[in-house]
$ cat data-v6.cif   # mmCIF, C-alpha atoms
data_work
#
loop_
_atom_site.label_atom_id
_atom_site.label_comp_id
_atom_site.auth_asym_id
_atom_site.auth_seq_id
_atom_site.Cartn_x
_atom_site.Cartn_y
_atom_site.Cartn_z
CA MET A 27 0.00 0.00 0.00
CA ARG A 28 1.32 3.43 -0.91
CA GLN A 29 2.09 5.87 1.85
CA HIS A 30 -0.83 8.19 2.74
CA GLU A 31 -3.28 6.28 0.55
CA PRO A 32 -6.80 6.65 1.99
CA SER A 33 -8.49 3.45 3.09
CA LEU A 34 -11.64 4.54 1.19
CA PRO A 35 -10.37 6.26 -1.98
CA THR A 36 -12.89 8.34 -3.92
CA ASN A 37 -12.06 6.58 -7.19
CA ARG A 38 -13.79 3.53 -5.69
CA ALA A 39 -16.94 5.40 -4.57
CA PHE A 40 -20.41 4.81 -6.00
CA VAL A 41 -23.84 6.33 -5.43
CA VAL A 42 -26.66 3.80 -5.53
CA GLN A 43 -30.24 4.98 -5.79
CA PHE A 44 -33.04 2.44 -5.42
CA ARG A 45 -36.40 2.71 -7.16
CA ALA A 46 -39.51 2.84 -4.97
CA GLU A 47 -40.57 -0.68 -6.01
CA THR A 48 -37.32 -2.24 -4.76
CA GLU A 49 -37.90 -5.01 -2.22
CA LEU A 50 -34.48 -6.27 -1.14
CA GLU A 51 -35.95 -8.91 1.17
CA ARG A 52 -37.75 -10.40 -1.86
CA GLY A 53 -34.76 -10.15 -4.16
CA ARG A 54 -36.24 -7.29 -6.21
CA TRP A 55 -33.43 -4.85 -6.94
CA ALA A 56 -33.98 -1.87 -9.23
CA GLY A 57 -32.40 1.53 -9.53
CA ARG A 58 -29.44 3.50 -10.76
CA VAL A 59 -25.75 3.40 -9.86
CA GLU A 60 -23.14 6.05 -10.61
CA HIS A 61 -19.37 6.01 -10.22
CA VAL A 62 -18.59 9.23 -8.34
CA VAL A 63 -15.27 10.13 -10.01
CA SER A 64 -15.98 9.25 -13.66
CA GLY A 65 -19.71 9.91 -13.76
CA GLN A 66 -20.32 6.58 -15.49
CA ALA A 67 -23.84 5.43 -14.65
CA THR A 68 -26.35 2.74 -15.47
CA HIS A 69 -29.75 1.49 -14.45
CA PHE A 70 -29.98 -1.99 -12.95
CA ALA A 71 -32.83 -4.45 -12.49
CA SER A 72 -31.02 -7.06 -10.39
CA LEU A 73 -28.25 -7.42 -7.84
CA GLU A 74 -26.18 -9.15 -10.52
CA GLU A 75 -26.44 -6.13 -12.86
CA LEU A 76 -25.48 -3.77 -10.03
CA VAL A 77 -22.43 -5.82 -9.05
CA ALA A 78 -21.39 -6.38 -12.68
CA PHE A 79 -21.33 -2.62 -13.34
CA MET A 80 -19.31 -1.95 -10.20
CA ALA A 81 -16.86 -4.74 -11.08
CA ARG A 82 -16.33 -3.34 -14.61
CA VAL A 83 -15.65 0.15 -13.26
CA LEU A 84 -13.34 -1.07 -10.49
CA THR A 85 -11.40 -3.22 -12.97
CA ALA A 86 -10.85 -0.13 -15.13
CA VAL A 87 -9.85 1.95 -12.08
CA ARG A 88 -7.29 -0.67 -11.06
CA ALA A 89 -5.88 -0.90 -14.60
CA GLN A 90 -5.62 2.89 -14.81
CA SER A 91 -3.80 3.15 -11.46
CA ARG A 92 -1.31 0.52 -12.62
CA ARG A 93 -0.52 2.55 -15.76
CA LYS A 94 0.29 5.69 -13.74
CA PRO A 95 3.88 6.23 -12.62
CA GLY A 96 4.21 4.85 -9.10
CA GLY A 97 0.76 3.27 -9.48
CA GLY A 98 1.51 -0.13 -7.93
CA SER A 99 -1.25 -2.46 -6.85
CA SER A 100 -4.14 -1.34 -4.67
#
$ encode --input "data-v6.cif" --output "structure tokens"
Amino acid sequence: MRQHEPSLPTNRAFVVQFRAETELERGRWAGRVEHVVSGQATHFASLEELVAFMARVLTAVRAQSRRKPGGGSS
């Protein structure tokens, strides 16, 4: 881990907004998710879609940090 690296870096932050008809206890997930730093966003209709979007963005964030000088692994 790099010196002074925050434990919760903003490039890994998301805003998740759930639709009114969401019923988590029944497995009904619906809403919108946005990556705070890049502004990339999508609507989701399942937990799998939500997690898949977040995984794609975080994979790109990790690849980008590795390309930067001194980027190392996070």
$ residues_around --input "data-v6.cif" --residues "Gln43 (chain A)" --least-positions-apart "5" --cutoff "8 Å" --atoms "only C-alpha atoms" --output "PyMOL selection string"
chain A and resi 57-59
$ residues_around --input "data-v6.cif" --residues "region 80-87 of chain A" --least-positions-apart "3" --cutoff "8 Å" --atoms "all atoms listed in the file" --output "count of residues only"
7
$ closest_residue --input "data-v6.cif" --among "A:Glu49, A:Gly65, A:Pro32, A:Glu60" --to "Phe79 (chain A)" --atoms "all atoms listed in the file"
A:Glu60
$ residues_around --input "data-v6.cif" --residues "Ser72 (chain A)" --least-positions-apart "5" --cutoff "7 Å" --atoms "all atoms listed in the file" --output "compact mmCIF listing (two decimals) with C-alpha atoms, in the frame of the given file"
# COMPACT_ATOMS: atom_id res chain seq x y z
CA ARG A 54 -36.24 -7.29 -6.21
CA TRP A 55 -33.43 -4.85 -6.94
CA ALA A 56 -33.98 -1.87 -9.23
$ atom_distance --input "data-v6.cif" --atom1 "CA of Arg93 (chain A)" --atom2 "CA of Glu74 (chain A)"
28.7 Å
$ atom_distance --input "data-v6.cif" --atom1 "CA of Ala78 (chain A)" --atom2 "CA of Val41 (chain A)"
14.8 Å
$ closest_residue --input "data-v6.cif" --among "A:Ala39, A:Ala89, A:His30, A:Leu50" --to "Leu73 (chain A)" --atoms "only C-alpha atoms"
A:Leu50
$ closest_residue --input "data-v6.cif" --among "A:Ser64, A:Arg92, A:Thr48, A:Phe70" --to "Thr36 (chain A)" --atoms "all atoms listed in the file"
A:Ser64
$ closest_residue --input "data-v6.cif" --among "A:Glu75, A:Lys94, A:His69, A:Ser33" --to "Arg45 (chain A)" --atoms "all atoms listed in the file"
A:His69
$ build_atoms --input "data-v6.cif" --residues "region 61-79 of chain A" --atoms "N, CA, C and O atoms" --output "tab-separated table (two decimals), in the frame of the given file"
chain	number	residue	atom	x	y	z
A	61	HIS	N	-20.74	5.94	-10.73
A	61	HIS	CA	-19.37	6.01	-10.22
A	61	HIS	C	-19.06	7.48	-9.98
A	61	HIS	O	-19.17	8.31	-10.89
A	62	VAL	N	-18.72	7.83	-8.75
A	62	VAL	CA	-18.59	9.23	-8.34
A	62	VAL	C	-17.55	9.97	-9.16
A	62	VAL	O	-17.81	11.08	-9.65
A	63	VAL	N	-16.37	9.42	-9.35
A	63	VAL	CA	-15.27	10.13	-10.01
A	63	VAL	C	-15.49	10.28	-11.51
A	63	VAL	O	-15.33	11.36	-12.06
A	64	SER	N	-15.87	9.21	-12.19
A	64	SER	CA	-15.98	9.25	-13.66
A	64	SER	C	-17.35	9.71	-14.15
A	64	SER	O	-17.48	10.13	-15.29
A	65	GLY	N	-18.36	9.57	-13.33
A	65	GLY	CA	-19.71	9.91	-13.76
A	65	GLY	C	-20.39	8.82	-14.56
A	65	GLY	O	-21.54	8.98	-14.99
A	66	GLN	N	-19.70	7.69	-14.79
A	66	GLN	CA	-20.32	6.58	-15.49
A	66	GLN	C	-21.54	6.12	-14.68
A	66	GLN	O	-21.45	6.02	-13.46
A	67	ALA	N	-22.62	5.83	-15.36
A	67	ALA	CA	-23.84	5.43	-14.65
A	67	ALA	C	-24.63	4.44	-15.48
A	67	ALA	O	-24.48	4.38	-16.70
A	68	THR	N	-25.46	3.68	-14.79
A	68	THR	CA	-26.35	2.74	-15.47
A	68	THR	C	-27.54	2.45	-14.57
A	68	THR	O	-27.49	2.66	-13.36
A	69	HIS	N	-28.60	1.98	-15.20
A	69	HIS	CA	-29.75	1.49	-14.45
A	69	HIS	C	-29.57	-0.01	-14.27
A	69	HIS	O	-28.95	-0.67	-15.12
A	70	PHE	N	-30.08	-0.55	-13.19
A	70	PHE	CA	-29.98	-1.99	-12.95
A	70	PHE	C	-31.35	-2.52	-12.52
A	70	PHE	O	-32.17	-1.79	-11.96
A	71	ALA	N	-31.57	-3.80	-12.84
A	71	ALA	CA	-32.83	-4.45	-12.49
A	71	ALA	C	-32.59	-5.71	-11.67
A	71	ALA	O	-33.51	-6.49	-11.46
A	72	SER	N	-31.34	-5.91	-11.22
A	72	SER	CA	-31.02	-7.06	-10.39
A	72	SER	C	-29.72	-6.79	-9.64
A	72	SER	O	-28.94	-5.91	-10.03
A	73	LEU	N	-29.50	-7.53	-8.59
A	73	LEU	CA	-28.25	-7.42	-7.84
A	73	LEU	C	-27.08	-7.76	-8.75
A	73	LEU	O	-26.04	-7.11	-8.70
A	74	GLU	N	-27.24	-8.74	-9.61
A	74	GLU	CA	-26.18	-9.15	-10.52
A	74	GLU	C	-25.77	-8.01	-11.45
A	74	GLU	O	-24.59	-7.81	-11.71
A	75	GLU	N	-26.75	-7.26	-11.98
A	75	GLU	CA	-26.44	-6.13	-12.86
A	75	GLU	C	-25.72	-5.03	-12.08
A	75	GLU	O	-24.79	-4.41	-12.60
A	76	LEU	N	-26.13	-4.77	-10.86
A	76	LEU	CA	-25.48	-3.77	-10.03
A	76	LEU	C	-24.02	-4.14	-9.78
A	76	LEU	O	-23.10	-3.34	-10.02
A	77	VAL	N	-23.79	-5.37	-9.35
A	77	VAL	CA	-22.43	-5.82	-9.05
A	77	VAL	C	-21.58	-5.88	-10.31
A	77	VAL	O	-20.40	-5.52	-10.28
A	78	ALA	N	-22.15	-6.29	-11.43
A	78	ALA	CA	-21.39	-6.38	-12.68
A	78	ALA	C	-20.90	-5.00	-13.11
A	78	ALA	O	-19.75	-4.84	-13.53
A	79	PHE	N	-21.75	-3.98	-12.99
A	79	PHE	CA	-21.33	-2.62	-13.34
A	79	PHE	C	-20.19	-2.17	-12.44
A	79	PHE	O	-19.18	-1.65	-12.91
